[in-house]
$ cat final-v7.pdb   # PDB, C-alpha atoms
ATOM      1  CA  MET A   1     112.299  82.199  87.522
ATOM      2  CA  GLU A   2     108.775  81.470  86.379
ATOM      3  CA  ILE A   3     105.359  81.902  87.941
ATOM      4  CA  ILE A   4     104.608  78.773  89.964
ATOM      5  CA  HIS A   5     102.915  75.852  88.242
ATOM      6  CA  VAL A   6     101.280  73.959  91.046
ATOM      7  CA  ASP A   7     101.494  70.548  89.361
ATOM      8  CA  ASP A   8     105.226  70.885  88.699
ATOM      9  CA  VAL A   9     105.917  71.900  92.277
ATOM     10  CA  GLN A  10     103.795  69.099  93.682
ATOM     11  CA  GLN A  11     105.669  66.572  91.537
ATOM     12  CA  MET A  12     108.999  67.815  92.845
ATOM     13  CA  ILE A  13     107.770  67.773  96.450
ATOM     14  CA  ASP A  14     106.763  64.147  95.947
ATOM     15  CA  LYS A  15     110.059  63.305  94.241
ATOM     16  CA  LEU A  16     112.074  64.550  97.239
ATOM     17  CA  LYS A  17     110.036  62.982 100.030
ATOM     18  CA  ASN A  18     111.185  60.152 102.320
ATOM     19  CA  GLN A  19     114.877  60.989 101.963
ATOM     20  CA  ASP A  20     117.417  63.314 103.529
ATOM     21  CA  VAL A  21     117.348  66.663 101.747
ATOM     22  CA  TYR A  22     119.004  70.003 102.363
ATOM     23  CA  VAL A  23     116.662  72.891 103.021
ATOM     24  CA  HIS A  24     117.027  76.636 102.627
ATOM     25  CA  LEU A  25     114.191  78.524 104.278
ATOM     26  CA  GLU A  26     114.197  82.287 104.481
ATOM     27  CA  MET A  27     112.046  85.288 105.115
ATOM     28  CA  THR A  28     113.097  88.941 105.046
ATOM     29  CA  THR A  29     111.771  92.477 105.044
ATOM     30  CA  GLY A  30     115.118  93.695 103.734
ATOM     31  CA  ALA A  31     117.850  95.384 105.732
ATOM     32  CA  TYR A  32     116.749  98.837 104.586
ATOM     33  CA  ALA A  33     113.098  98.600 105.687
ATOM     34  CA  ALA A  34     113.454 100.962 108.640
ATOM     35  CA  HIS A  35     115.855 103.281 106.804
ATOM     36  CA  TYR A  36     113.191 104.113 104.236
ATOM     37  CA  ASP A  37     110.218 104.008 106.624
ATOM     38  CA  SER A  38     110.799 104.275 110.370
ATOM     39  CA  SER A  39     107.424 102.655 111.093
ATOM     40  CA  LYS A  40     108.710  99.406 109.586
ATOM     41  CA  HIS A  41     110.208  96.738 111.773
ATOM     42  CA  PRO A  42     113.096  95.075 109.961
ATOM     43  CA  ALA A  43     113.198  91.335 110.447
ATOM     44  CA  ALA A  44     114.824  88.478 108.625
ATOM     45  CA  ASN A  45     115.816  84.915 109.125
ATOM     46  CA  PHE A  46     117.344  82.161 107.137
ATOM     47  CA  ILE A  47     118.522  78.633 107.666
ATOM     48  CA  THR A  48     120.709  77.064 105.023
ATOM     49  CA  ASN A  49     121.677  73.438 104.474
ATOM     50  CA  ALA A  50     119.842  71.986 107.428
ATOM     51  CA  VAL A  51     119.125  68.339 106.688
ATOM     52  CA  ILE A  52     115.465  67.381 106.905
ATOM     53  CA  ARG A  53     113.219  64.523 105.835
ATOM     54  CA  TYR A  54     109.503  64.711 105.204
ATOM     55  CA  ALA A  55     107.026  61.970 104.499
ATOM     56  CA  HIS A  56     104.335  64.154 103.075
ATOM     57  CA  GLY A  57     104.166  67.607 101.561
ATOM     58  CA  SER A  58     101.917  69.749  99.427
ATOM     59  CA  ILE A  59     101.410  73.120  97.805
ATOM     60  CA  SER A  60      98.206  74.984  98.443
ATOM     61  CA  GLY A  61      96.398  78.216  97.572
ATOM     62  CA  ASN A  62      95.612  80.172  94.419
ATOM     63  CA  GLY A  63      98.804  82.205  94.322
ATOM     64  CA  PRO A  64     100.727  83.396  96.163
ATOM     65  CA  TYR A  65     101.050  79.825  97.361
ATOM     66  CA  ARG A  66     101.712  78.029 100.619
ATOM     67  CA  VAL A  67     103.807  74.911 101.086
ATOM     68  CA  GLY A  68     103.752  72.591 104.088
ATOM     69  CA  LEU A  69     106.107  69.662 104.600
ATOM     70  CA  LYS A  70     105.283  67.163 107.325
ATOM     71  CA  MET A  71     108.319  65.724 109.063
ATOM     72  CA  GLU A  72     108.403  62.935 111.580
ATOM     73  CA  LYS A  73     108.404  65.383 114.481
ATOM     74  CA  GLY A  74     107.411  68.718 113.045
ATOM     75  CA  TRP A  75     106.574  70.893 110.080
ATOM     76  CA  ILE A  76     108.170  73.196 107.582
ATOM     77  CA  TYR A  77     105.889  75.935 106.346
ATOM     78  CA  ALA A  78     106.187  78.836 103.922
ATOM     79  CA  GLU A  79     103.588  81.312 102.707
ATOM     80  CA  GLY A  80     103.772  83.867  99.931
ATOM     81  CA  LEU A  81     105.545  81.810  97.264
ATOM     82  CA  THR A  82     105.126  83.142  93.716
ATOM     83  CA  HIS A  83     108.010  81.871  91.573
ATOM     84  CA  TYR A  84     109.945  78.677  90.966
ATOM     85  CA  GLU A  85     112.764  77.489  88.755
ATOM     86  CA  GLN A  86     111.017  75.510  86.065
ATOM     87  CA  ASN A  87     114.156  74.142  84.439
ATOM     88  CA  ASP A  88     115.665  72.715  87.599
ATOM     89  CA  LYS A  89     114.628  69.066  87.606
ATOM     90  CA  GLU A  90     116.716  67.939  90.576
ATOM     91  CA  ARG A  91     115.997  70.661  93.085
ATOM     92  CA  LEU A  92     112.961  72.623  94.136
ATOM     93  CA  ILE A  93     113.788  76.338  94.103
ATOM     94  CA  MET A  94     110.865  78.534  95.152
ATOM     95  CA  ALA A  95     110.569  82.150  96.204
ATOM     96  CA  GLY A  96     107.970  84.802  96.808
ATOM     97  CA  HIS A  97     108.605  88.213  95.279
ATOM     98  CA  ASP A  98     106.716  91.385  96.119
ATOM     99  CA  THR A  99     105.295  93.802  93.518
ATOM    100  CA  GLN A 100     108.738  95.395  93.115
ATOM    101  CA  GLY A 101     110.289  92.001  92.398
ATOM    102  CA  LYS A 102     112.097  91.833  95.737
ATOM    103  CA  LEU A 103     112.432  88.490  97.463
ATOM    104  CA  VAL A 104     110.330  88.197 100.617
ATOM    105  CA  VAL A 105     110.347  84.470 101.242
ATOM    106  CA  ALA A 106     112.243  81.456  99.880
ATOM    107  CA  LEU A 107     111.966  77.711 100.241
ATOM    108  CA  GLN A 108     114.456  75.423  98.541
ATOM    109  CA  LEU A 109     115.028  71.684  98.712
ATOM    110  CA  SER A 110     117.916  69.740  97.262
ATOM    111  CA  ARG A 111     119.685  66.395  97.604
ATOM    112  CA  GLU A 112     122.993  68.297  97.442
ATOM    113  CA  PRO A 113     123.970  71.193  99.717
ATOM    114  CA  PHE A 114     123.256  74.713  98.490
TER
ATOM    115  CA  MET B 115     154.696 108.083  93.276
ATOM    116  CA  THR B 116     151.557 106.253  92.248
ATOM    117  CA  GLN B 117     148.773 106.515  94.769
ATOM    118  CA  ASN B 118     147.519 103.136  95.966
ATOM    119  CA  ILE B 119     143.899 103.101  97.071
ATOM    120  CA  LEU B 120     142.267 100.257  98.954
ATOM    121  CA  VAL B 121     138.478 100.006  98.913
ATOM    122  CA  VAL B 122     136.859  97.613 101.395
ATOM    123  CA  LEU B 123     133.115  97.055 101.058
ATOM    124  CA  PRO B 124     130.902  94.040 101.762
ATOM    125  CA  HIS B 125     128.608  93.772  98.719
ATOM    126  CA  PRO B 126     128.923  93.936  94.966
ATOM    127  CA  ASP B 127     127.180  97.257  94.076
ATOM    128  CA  ASP B 128     128.228  99.031  97.289
ATOM    129  CA  GLU B 129     130.747 100.863  95.108
ATOM    130  CA  ALA B 130     128.277 101.998  92.482
ATOM    131  CA  PHE B 131     126.269 104.940  93.845
ATOM    132  CA  GLY B 132     128.575 106.449  96.444
ATOM    133  CA  LEU B 133     132.061 105.890  95.159
ATOM    134  CA  SER B 134     132.377 104.875  91.505
ATOM    135  CA  GLY B 135     132.799 108.427  90.190
ATOM    136  CA  THR B 136     135.536 109.180  92.715
ATOM    137  CA  LEU B 137     137.376 105.971  91.866
ATOM    138  CA  ALA B 138     137.096 106.622  88.120
ATOM    139  CA  LYS B 139     138.510 110.110  88.715
ATOM    140  CA  TYR B 140     141.434 108.842  90.801
ATOM    141  CA  VAL B 141     142.189 106.090  88.269
ATOM    142  CA  SER B 142     142.247 108.726  85.494
ATOM    143  CA  GLU B 143     144.806 110.607  87.586
ATOM    144  CA  GLY B 144     147.014 107.517  87.784
ATOM    145  CA  ALA B 145     145.908 105.853  91.001
ATOM    146  CA  LYS B 146     145.999 102.084  91.371
ATOM    147  CA  VAL B 147     142.824 100.803  92.990
ATOM    148  CA  THR B 148     142.377  97.507  94.819
ATOM    149  CA  TYR B 149     138.759  96.723  95.645
ATOM    150  CA  ALA B 150     138.272  94.081  98.334
ATOM    151  CA  CYS B 151     134.656  92.974  98.192
ATOM    152  CA  LEU B 152     133.872  90.789 101.180
ATOM    153  CA  THR B 153     130.828  88.871  99.908
ATOM    154  CA  LEU B 154     128.979  88.140  96.693
ATOM    155  CA  GLY B 155     125.723  89.577  98.004
ATOM    156  CA  GLU B 156     124.282  86.085  98.183
ATOM    157  CA  MET B 157     121.299  87.227 100.260
ATOM    158  CA  GLY B 158     120.257  90.164  98.094
ATOM    159  CA  ARG B 159     116.526  90.556  97.618
ATOM    160  CA  ASN B 160     116.559  91.791  94.055
ATOM    161  CA  MET B 161     116.476  89.070  91.421
ATOM    162  CA  GLY B 162     115.851  91.284  88.417
ATOM    163  CA  VAL B 163     112.471  92.245  86.964
ATOM    164  CA  PRO B 164     111.142  89.808  85.911
ATOM    165  CA  PRO B 165     113.323  87.655  88.187
ATOM    166  CA  PHE B 166     116.176  86.188  86.100
ATOM    167  CA  ALA B 167     118.217  85.205  89.165
ATOM    168  CA  ASN B 168     117.359  82.997  92.108
ATOM    169  CA  ARG B 169     118.961  82.317  95.495
ATOM    170  CA  VAL B 170     121.173  79.653  93.941
ATOM    171  CA  THR B 171     122.350  81.537  90.849
ATOM    172  CA  LEU B 172     122.538  84.997  92.445
ATOM    173  CA  PRO B 173     126.185  84.837  93.615
ATOM    174  CA  THR B 174     127.458  83.845  90.165
ATOM    175  CA  ILE B 175     125.395  86.552  88.498
ATOM    176  CA  ARG B 176     126.485  89.195  90.991
ATOM    177  CA  LYS B 177     130.134  88.213  90.591
ATOM    178  CA  ALA B 178     129.897  88.896  86.859
ATOM    179  CA  GLU B 179     128.088  92.174  87.541
ATOM    180  CA  LEU B 180     130.821  93.218  89.970
ATOM    181  CA  GLU B 181     133.512  92.465  87.401
ATOM    182  CA  ALA B 182     131.641  94.515  84.787
ATOM    183  CA  SER B 183     131.266  97.412  87.218
ATOM    184  CA  CYS B 184     135.007  97.342  87.990
ATOM    185  CA  ARG B 185     135.823  97.393  84.268
ATOM    186  CA  ALA B 186     133.543 100.410  83.819
ATOM    187  CA  ILE B 187     135.272 102.279  86.629
ATOM    188  CA  GLY B 188     138.783 101.220  85.621
ATOM    189  CA  ILE B 189     139.564  99.352  88.859
ATOM    190  CA  GLN B 190     142.719  97.331  88.198
ATOM    191  CA  ASP B 191     142.607  94.836  91.061
ATOM    192  CA  LEU B 192     139.434  93.163  92.335
ATOM    193  CA  ARG B 193     139.633  90.779  95.286
ATOM    194  CA  MET B 194     136.587  88.731  96.212
ATOM    195  CA  LEU B 195     137.186  87.622  99.764
ATOM    196  CA  GLY B 196     134.626  84.839 100.086
ATOM    197  CA  PHE B 197     132.723  85.879 103.187
ATOM    198  CA  HIS B 198     128.962  85.305 103.293
ATOM    199  CA  ASP B 199     126.398  88.072 102.944
ATOM    200  CA  LYS B 200     124.717  89.165 106.212
ATOM    201  CA  THR B 201     127.314  87.423 108.383
ATOM    202  CA  ILE B 202     130.138  89.987 108.635
ATOM    203  CA  GLU B 203     129.111  91.139 112.115
ATOM    204  CA  PHE B 204     129.202  87.520 113.302
ATOM    205  CA  GLU B 205     132.501  86.540 111.694
ATOM    206  CA  ASP B 206     135.539  85.673 113.718
ATOM    207  CA  GLN B 207     137.001  89.170 114.221
ATOM    208  CA  ASP B 208     140.591  87.934 114.253
ATOM    209  CA  LYS B 209     140.087  86.274 110.895
ATOM    210  CA  LEU B 210     138.404  89.322 109.390
ATOM    211  CA  ASP B 211     140.982  91.755 110.778
ATOM    212  CA  GLY B 212     143.781  89.427 109.638
ATOM    213  CA  VAL B 213     142.554  89.512 106.055
ATOM    214  CA  ILE B 214     142.326  93.304 106.101
ATOM    215  CA  HIS B 215     145.727  93.610 107.758
ATOM    216  CA  SER B 216     147.305  91.447 105.037
ATOM    217  CA  LEU B 217     145.801  93.669 102.355
ATOM    218  CA  LEU B 218     147.159  96.784 104.071
ATOM    219  CA  GLU B 219     150.620  95.230 104.307
ATOM    220  CA  GLU B 220     150.576  94.136 100.679
ATOM    221  CA  ILE B 221     149.097  97.228  99.050
ATOM    222  CA  LYS B 222     150.397  99.928 101.378
ATOM    223  CA  PRO B 223     147.569 102.284 100.456
ATOM    224  CA  SER B 224     147.740 105.992 101.155
ATOM    225  CA  LEU B 225     143.925 106.081 101.085
ATOM    226  CA  VAL B 226     141.394 103.513 102.279
ATOM    227  CA  VAL B 227     137.690 103.883 101.523
ATOM    228  CA  THR B 228     135.076 101.945 103.484
ATOM    229  CA  PHE B 229     131.751 102.470 105.235
ATOM    230  CA  TYR B 230     131.708 104.762 108.254
ATOM    231  CA  PRO B 231     131.000 102.385 111.155
ATOM    232  CA  GLY B 232     127.706 103.090 112.876
ATOM    233  CA  TYR B 233     126.311 105.316 110.143
ATOM    234  CA  SER B 234     125.926 102.989 107.190
ATOM    235  CA  VAL B 235     122.505 101.390 107.796
ATOM    236  CA  HIS B 236     123.225  97.775 106.777
ATOM    237  CA  PRO B 237     124.830  95.616 109.501
ATOM    238  CA  ASP B 238     127.388  94.300 106.977
ATOM    239  CA  HIS B 239     128.359  97.897 106.105
ATOM    240  CA  ASP B 240     128.866  98.890 109.729
ATOM    241  CA  ALA B 241     130.770  95.692 110.535
ATOM    242  CA  THR B 242     133.048  96.121 107.523
ATOM    243  CA  GLY B 243     133.854  99.718 108.394
ATOM    244  CA  ALA B 244     134.421  98.745 112.022
ATOM    245  CA  ALA B 245     136.878  95.997 111.020
ATOM    246  CA  VAL B 246     138.815  98.371 108.775
ATOM    247  CA  VAL B 247     139.167 101.141 111.350
ATOM    248  CA  ARG B 248     139.925  98.625 114.114
ATOM    249  CA  THR B 249     142.747  97.157 112.033
ATOM    250  CA  ILE B 250     144.161 100.529 111.000
ATOM    251  CA  GLN B 251     143.898 101.836 114.565
ATOM    252  CA  ARG B 252     146.404  99.134 115.574
ATOM    253  CA  LEU B 253     149.020 100.394 113.117
ATOM    254  CA  PRO B 254     151.643 102.852 114.338
ATOM    255  CA  LYS B 255     150.272 106.361 113.915
ATOM    256  CA  ASP B 256     152.720 107.332 111.164
ATOM    257  CA  ARG B 257     151.776 104.274 109.070
ATOM    258  CA  ARG B 258     148.039 104.797 109.085
ATOM    259  CA  PRO B 259     146.510 105.632 105.715
ATOM    260  CA  THR B 260     143.799 108.254 105.412
ATOM    261  CA  VAL B 261     140.360 106.660 105.716
ATOM    262  CA  TYR B 262     137.322 108.021 103.918
ATOM    263  CA  GLY B 263     134.032 106.759 105.328
ATOM    264  CA  ILE B 264     130.815 106.527 103.342
ATOM    265  CA  ALA B 265     127.792 107.295 105.539
ATOM    266  CA  PHE B 266     124.118 107.514 104.696
ATOM    267  CA  SER B 267     122.097 106.779 107.831
ATOM    268  CA  ASN B 268     119.341 109.303 108.435
ATOM    269  CA  ASN B 269     121.233 110.730 111.421
ATOM    270  CA  CYS B 270     124.714 110.824 109.876
ATOM    271  CA  GLU B 271     124.930 114.580 109.282
ATOM    272  CA  GLU B 272     123.363 115.330 112.633
ATOM    273  CA  GLU B 273     126.004 113.329 114.447
ATOM    274  CA  LEU B 274     129.073 113.434 112.185
ATOM    275  CA  GLY B 275     128.531 116.918 110.787
ATOM    276  CA  LYS B 276     128.743 117.735 107.103
ATOM    277  CA  PRO B 277     131.006 115.492 105.024
ATOM    278  CA  ASP B 278     134.463 117.044 104.878
ATOM    279  CA  VAL B 279     135.360 115.524 101.499
ATOM    280  CA  LEU B 280     133.246 116.418  98.478
ATOM    281  CA  VAL B 281     134.381 115.007  95.152
ATOM    282  CA  ASP B 282     133.073 116.565  91.961
ATOM    283  CA  VAL B 283     132.504 113.605  89.635
ATOM    284  CA  LYS B 284     130.532 115.386  86.912
ATOM    285  CA  SER B 285     133.209 114.507  84.363
ATOM    286  CA  PHE B 286     132.975 110.824  85.313
ATOM    287  CA  LEU B 287     129.236 110.295  85.183
ATOM    288  CA  GLU B 288     129.523 108.021  82.178
ATOM    289  CA  GLN B 289     131.676 105.573  84.139
ATOM    290  CA  LYS B 290     129.425 105.968  87.165
ATOM    291  CA  MET B 291     126.219 105.250  85.270
ATOM    292  CA  GLN B 292     127.903 102.241  83.639
ATOM    293  CA  SER B 293     128.932 100.978  87.047
ATOM    294  CA  ILE B 294     125.375 101.322  88.360
ATOM    295  CA  GLN B 295     123.895  99.691  85.274
ATOM    296  CA  ALA B 296     126.383  96.819  85.460
ATOM    297  CA  HIS B 297     124.452  95.610  88.505
ATOM    298  CA  LYS B 298     121.502  94.558  86.399
ATOM    299  CA  SER B 299     119.958  92.226  88.939
ATOM    300  CA  GLN B 300     120.054  94.855  91.668
ATOM    301  CA  PHE B 301     119.066  98.144  90.103
ATOM    302  CA  GLN B 302     116.051  98.471  87.932
ATOM    303  CA  ALA B 303     117.629 100.018  84.884
ATOM    304  CA  ALA B 304     114.168 101.137  83.807
ATOM    305  CA  GLU B 305     114.215 103.702  86.575
ATOM    306  CA  LEU B 306     117.322 105.206  85.068
ATOM    307  CA  LEU B 307     116.825 104.604  81.386
ATOM    308  CA  GLY B 308     113.213 103.698  80.830
ATOM    309  CA  PRO B 309     110.170 105.805  79.999
ATOM    310  CA  LYS B 310     111.051 108.168  82.818
ATOM    311  CA  LYS B 311     114.567 108.604  81.500
ATOM    312  CA  LEU B 312     116.368 111.031  83.719
ATOM    313  CA  GLN B 313     117.298 114.345  82.198
ATOM    314  CA  GLN B 314     121.011 115.013  82.117
ATOM    315  CA  GLN B 315     120.693 117.840  84.648
ATOM    316  CA  GLU B 316     118.808 115.543  87.017
ATOM    317  CA  ILE B 317     121.591 112.953  86.733
ATOM    318  CA  VAL B 318     124.175 115.641  87.484
ATOM    319  CA  ARG B 319     122.167 116.870  90.454
ATOM    320  CA  ARG B 320     121.677 113.400  91.914
ATOM    321  CA  PHE B 321     124.997 111.804  91.064
ATOM    322  CA  GLY B 322     127.475 114.620  90.354
ATOM    323  CA  THR B 323     129.014 114.874  93.828
ATOM    324  CA  GLU B 324     130.242 112.100  96.115
ATOM    325  CA  ARG B 325     130.619 112.673  99.836
ATOM    326  CA  PHE B 326     132.942 111.225 102.445
ATOM    327  CA  TRP B 327     133.783 111.725 106.078
ATOM    328  CA  THR B 328     137.460 111.429 107.013
ATOM    329  CA  TYR B 329     137.746 109.045 109.948
ATOM    330  CA  SER B 330     139.539 110.439 113.021
ATOM    331  CA  PHE B 331     141.641 107.876 114.836
ATOM    332  CA  GLU B 332     142.452 107.924 118.500
ATOM    333  CA  ASP B 333     146.154 108.350 119.268
TER
END
$ encode --input "final-v7.pdb" --output "structure tokens"
Amino acid sequence: MEIIHVDDVQQMIDKLKNQDVYVHLEMTTGAYAAHYDSSKHPAANFITNAVIRYAHGSISGNGPYRVGLKMEKGWIYAEGLTHYEQNDKERLIMAGHDTQGKLVVALQLSREPF
Amino acid sequence: MTQNILVVLPHPDDEAFGLSGTLAKYVSEGAKVTYACLTLGEMGRNMGVPPFANRVTLPTIRKAELEASCRAIGIQDLRMLGFHDKTIEFEDQDKLDGVIHSLLEEIKPSLVVTFYPGYSVHPDHDATGAAVVRTIQRLPKDRRPTVYGIAFSNNCEEELGKPDVLVDVKSFLEQKMQSIQAHKSQFQAAELLGPKKLQQQEIVRRFGTERFWTYSFED
């Protein structure tokens, strides 16, 4: 993955708007958070291959970045995004990695299921 | 008679730190090892440094890493069972137990190695161990293989006591380090090989002994 280029991501967000797309949205502290540090509260969630449609979306911030997608009746939001897959021209694959390189957050959009 | 060993773990790399030396040792003594790996670790957080994997490519990359690790250890039979990472505790228990039961019937192992349920930190680990012992518990007493559990929760020694099986794997550290390093996306090889390269005696101290708790079945 590469460090996010805002213009590339914005282009892909625009390319995938106003159509049914599959979303993967995820956030995690890792399953071992409390094992290594009992003060940590392990939490995670993911939703894979839900079908959504947004009419408007954008990327914001100076890095790590935020993305908001406005749907007819709600929003999709992710904060902390750092990397994307530059070579993938059909899908938008984004993730946020912490200083150790571990994934903390992910947002992916595709016309085909993941 | 050749000893058949069945290893049941949920993630590629679960075999590397706690078990690879023991398996390499048993293989060198003539054992035939079947490793049933339930998932491809699709939800792993490590993508390599810098990240060369992503959520989409991770399963394919981890599959290749798992195969390389098995080659390093000498495991003859790798089964990838196609369950999804993080979901083992939510799977249909009959389906999960059925798959494990079929493996037991086919392989007829004298030893099964899995995670000790309740003491293995990750929900997939505990659920995998629970499925294995639940399935073996149903077998007639005289047909139950020995089960070694891997445990590493902070309270495991307090509650289970000291591990009753200690395997000296000092002669198999080469295979073990190769197994660990095969999982390139998951373990930062720099920690093992980089500027802070571990001294041989430190490797022996940290990795030279593997520990298991024999599971006690109810009658």
$ interface_residues --input "final-v7.pdb" --of "chain A" --to "chain B" --cutoff "9 Å" --atoms "all atoms listed in the file" --output "list of chain:residue names"
A:Met1, A:Glu2, A:Thr28, A:Gly30, A:Ala31, A:Tyr32, A:His35, A:His83, A:Tyr84, A:Glu85, A:Ile93, A:Met94, A:Ala95, A:His97, A:Gln100, A:Gly101, A:Lys102, A:Leu103, A:Val104, A:Ala106, A:Gln108, A:Phe114
$ write_last_selection --input "final-v7.pdb" --atoms "C-alpha atoms" --output "mmCIF file, in the frame of the given file"
data_model
loop_
_atom_site.group_PDB
_atom_site.id
_atom_site.type_symbol
_atom_site.label_atom_id
_atom_site.label_comp_id
_atom_site.auth_asym_id
_atom_site.auth_seq_id
_atom_site.Cartn_x
_atom_site.Cartn_y
_atom_site.Cartn_z
ATOM 1 C CA MET A 1 112.299 82.199 87.522
ATOM 2 C CA GLU A 2 108.775 81.470 86.379
ATOM 3 C CA THR A 28 113.097 88.941 105.046
ATOM 4 C CA GLY A 30 115.118 93.695 103.734
ATOM 5 C CA ALA A 31 117.850 95.384 105.732
ATOM 6 C CA TYR A 32 116.749 98.837 104.586
ATOM 7 C CA HIS A 35 115.855 103.281 106.804
ATOM 8 C CA HIS A 83 108.010 81.871 91.573
ATOM 9 C CA TYR A 84 109.945 78.677 90.966
ATOM 10 C CA GLU A 85 112.764 77.489 88.755
ATOM 11 C CA ILE A 93 113.788 76.338 94.103
ATOM 12 C CA MET A 94 110.865 78.534 95.152
ATOM 13 C CA ALA A 95 110.569 82.150 96.204
ATOM 14 C CA HIS A 97 108.605 88.213 95.279
ATOM 15 C CA GLN A 100 108.738 95.395 93.115
ATOM 16 C CA GLY A 101 110.289 92.001 92.398
ATOM 17 C CA LYS A 102 112.097 91.833 95.737
ATOM 18 C CA LEU A 103 112.432 88.490 97.463
ATOM 19 C CA VAL A 104 110.330 88.197 100.617
ATOM 20 C CA ALA A 106 112.243 81.456 99.880
ATOM 21 C CA GLN A 108 114.456 75.423 98.541
ATOM 22 C CA PHE A 114 123.256 74.713 98.490
#
$ closest_residue --input "final-v7.pdb" --among "A:Met71, A:Arg66, A:His56, A:Thr82" --to "Ile13 in chain A" --atoms "only C-alpha atoms"
A:His56
$ atom_distance --input "final-v7.pdb" --atom1 "CA of Val281 in chain B" --atom2 "CA of Asp199 in chain B"
29.2 Å
$ atom_distance --input "final-v7.pdb" --atom1 "CA of Phe301 in chain B" --atom2 "CA of Tyr149 in chain B"
20.5 Å
$ resolve_selection --input "final-v7.pdb" --expression "the PyMOL selection byres ((chain A and resi 59) around 9)" --output "count of residues only"
14
$ resolve_selection --input "final-v7.pdb" --expression "the PyMOL selection byres ((chain B and resi 187) around 12)" --output "mmCIF file with C-alpha atoms, in the frame of the given file"
data_model
loop_
_atom_site.group_PDB
_atom_site.id
_atom_site.type_symbol
_atom_site.label_atom_id
_atom_site.label_comp_id
_atom_site.auth_asym_id
_atom_site.auth_seq_id
_atom_site.Cartn_x
_atom_site.Cartn_y
_atom_site.Cartn_z
ATOM 1 C CA GLU B 129 130.747 100.863 95.108
ATOM 2 C CA ALA B 130 128.277 101.998 92.482
ATOM 3 C CA PHE B 131 126.269 104.940 93.845
ATOM 4 C CA LEU B 133 132.061 105.890 95.159
ATOM 5 C CA SER B 134 132.377 104.875 91.505
ATOM 6 C CA GLY B 135 132.799 108.427 90.190
ATOM 7 C CA THR B 136 135.536 109.180 92.715
ATOM 8 C CA LEU B 137 137.376 105.971 91.866
ATOM 9 C CA ALA B 138 137.096 106.622 88.120
ATOM 10 C CA LYS B 139 138.510 110.110 88.715
ATOM 11 C CA TYR B 140 141.434 108.842 90.801
ATOM 12 C CA VAL B 141 142.189 106.090 88.269
ATOM 13 C CA SER B 142 142.247 108.726 85.494
ATOM 14 C CA LYS B 146 145.999 102.084 91.371
ATOM 15 C CA VAL B 147 142.824 100.803 92.990
ATOM 16 C CA THR B 148 142.377 97.507 94.819
ATOM 17 C CA TYR B 149 138.759 96.723 95.645
ATOM 18 C CA LEU B 180 130.821 93.218 89.970
ATOM 19 C CA GLU B 181 133.512 92.465 87.401
ATOM 20 C CA ALA B 182 131.641 94.515 84.787
ATOM 21 C CA SER B 183 131.266 97.412 87.218
ATOM 22 C CA CYS B 184 135.007 97.342 87.990
ATOM 23 C CA ARG B 185 135.823 97.393 84.268
ATOM 24 C CA ALA B 186 133.543 100.410 83.819
ATOM 25 C CA GLY B 188 138.783 101.220 85.621
ATOM 26 C CA ILE B 189 139.564 99.352 88.859
ATOM 27 C CA GLN B 190 142.719 97.331 88.198
ATOM 28 C CA ASP B 191 142.607 94.836 91.061
ATOM 29 C CA LEU B 192 139.434 93.163 92.335
ATOM 30 C CA PHE B 286 132.975 110.824 85.313
ATOM 31 C CA LEU B 287 129.236 110.295 85.183
ATOM 32 C CA GLU B 288 129.523 108.021 82.178
ATOM 33 C CA GLN B 289 131.676 105.573 84.139
ATOM 34 C CA LYS B 290 129.425 105.968 87.165
ATOM 35 C CA MET B 291 126.219 105.250 85.270
ATOM 36 C CA GLN B 292 127.903 102.241 83.639
ATOM 37 C CA SER B 293 128.932 100.978 87.047
ATOM 38 C CA ILE B 294 125.375 101.322 88.360
ATOM 39 C CA GLN B 295 123.895 99.691 85.274
ATOM 40 C CA ALA B 296 126.383 96.819 85.460
#
$ atom_distance --input "final-v7.pdb" --atom1 "CA of Val247 in chain B" --atom2 "CA of Phe197 in chain B"
18.5 Å
$ closest_residue --input "final-v7.pdb" --among "A:Ile76, A:Leu16, A:Val51, A:Leu81" --to "Gly63 in chain A" --atoms "all atoms listed in the file"
A:Leu81
$ residues_around --input "final-v7.pdb" --residues "Arg258 in chain B" --least-positions-apart "6" --cutoff "12 Å" --atoms "only C-alpha atoms" --output "VMD selection string"
chain B and resid 215 218 to 219 222 to 226 246 to 252 329 to 333
